[in-house]
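This report concerns only the one structure given below.
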Amino acid sequence: MNDMDNDDAACELVQEYALDAPPEKVWRALSIPELRAQWLPGTEHAEPLSEVPQQALSLRLREAEPPFLESTVDLKISPAADGGTLLRIVHVLTDARAQTAREAANDGGFLMYAT
Amino acid sequence: MPENDIFKALADPTRRSIFEKLAAGSMHASALREGKEISQSAMSQHLAVLRNAGLVSEQRQGRFVHYEVDPEGLALIAGWLAKYRAYWPQRVDALKGLLKDMDQ
């Protein structure tokens, strides 16, 4: 889905949340720009990098303040057993400056899971 | 690199805000204190923690000591991770609030 810059050395945050609302409703909150802007400000004009209706949305983010780091975020939803929704957020730092830092460090980079 | 030191240093909201301010450009300690209710000694302690974690470096220029984040450094990545590890739970809380307010 996102094949750019997403190699083994990716600097990424992976988080999962359980939401107390059905997937169809969560999908609207993710995919309709006016609704999305209410919980994820700054993304109302973001053109999705990719979109799988009712399942996944990928956005490019650029910080509004220095150091203006660029990243991509994948938002994936799936039905939960209780009728709610599981939201999986994979946020990858794609900024060229971070790539440089990782190469300079010459190690596997960071991989961090936070739940 | 002492990763634990880095995350511990950035777990504190005040230090994270200092670090983010420095990420925008180097400055001296008194400029860092502008707009913050923080004593000079507290600022010195925060800067020492950040320095010991390898997140910021200091340079003496005349009477002033300037602090900076290496823009090419791993500090940039550590700062990014710390920032968004705190960011997403807040955004998801906002999403939960929105879902409550939305019609079915």
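Ordering of the structure tokens sets the chain letters (A, B, ...); residue numbers start at 1 within each chain; ligands are numbered from 1 in the order shown.
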**OP:** Show me which bits of chain B are within 10 Å of chain A, counting only C-alpha atoms, as a VMD selection string.
**Re:** chain B and resid 1 3 20 to 25 70 to 78 80 to 82 84 to 85 88 to 100 102 to 104
**OP:** Find the residues around His46 of chain B up to 10 Å (only C-alpha atoms counted), leave out those fewer than 2 positions away in its own chain, and share them as a PyMOL selection string.
**Re:** chain B and resi 9+12+14-16+18-19+40-44+48-52
**OP:** Considering only C-alpha atoms, return as a PyMOL selection string whatever protein or nucleic-acid residues lie within 7 Å of segment 52-59 of chain A, sequence-local ones (same chain, fewer than 6 positions apart) excluded.
**Re:** chain A and resi 24+27+46+72-78
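Counting from atom CA of Ser17 of chain B, the distance to atom CA of Glu34 of chain B is 12.2 Å.
As for atom CA of Ala29 of chain B and atom CA of Phe64 of chain B, they are spaced 8.3 Å apart.
Of the residues under consideration (A:Thr43, A:Ser50, A:Thr94, A:Ser31), A:Thr43 shows the shortest atom-to-atom contact distance to Ala64 of chain A when counting only C-alpha atoms.
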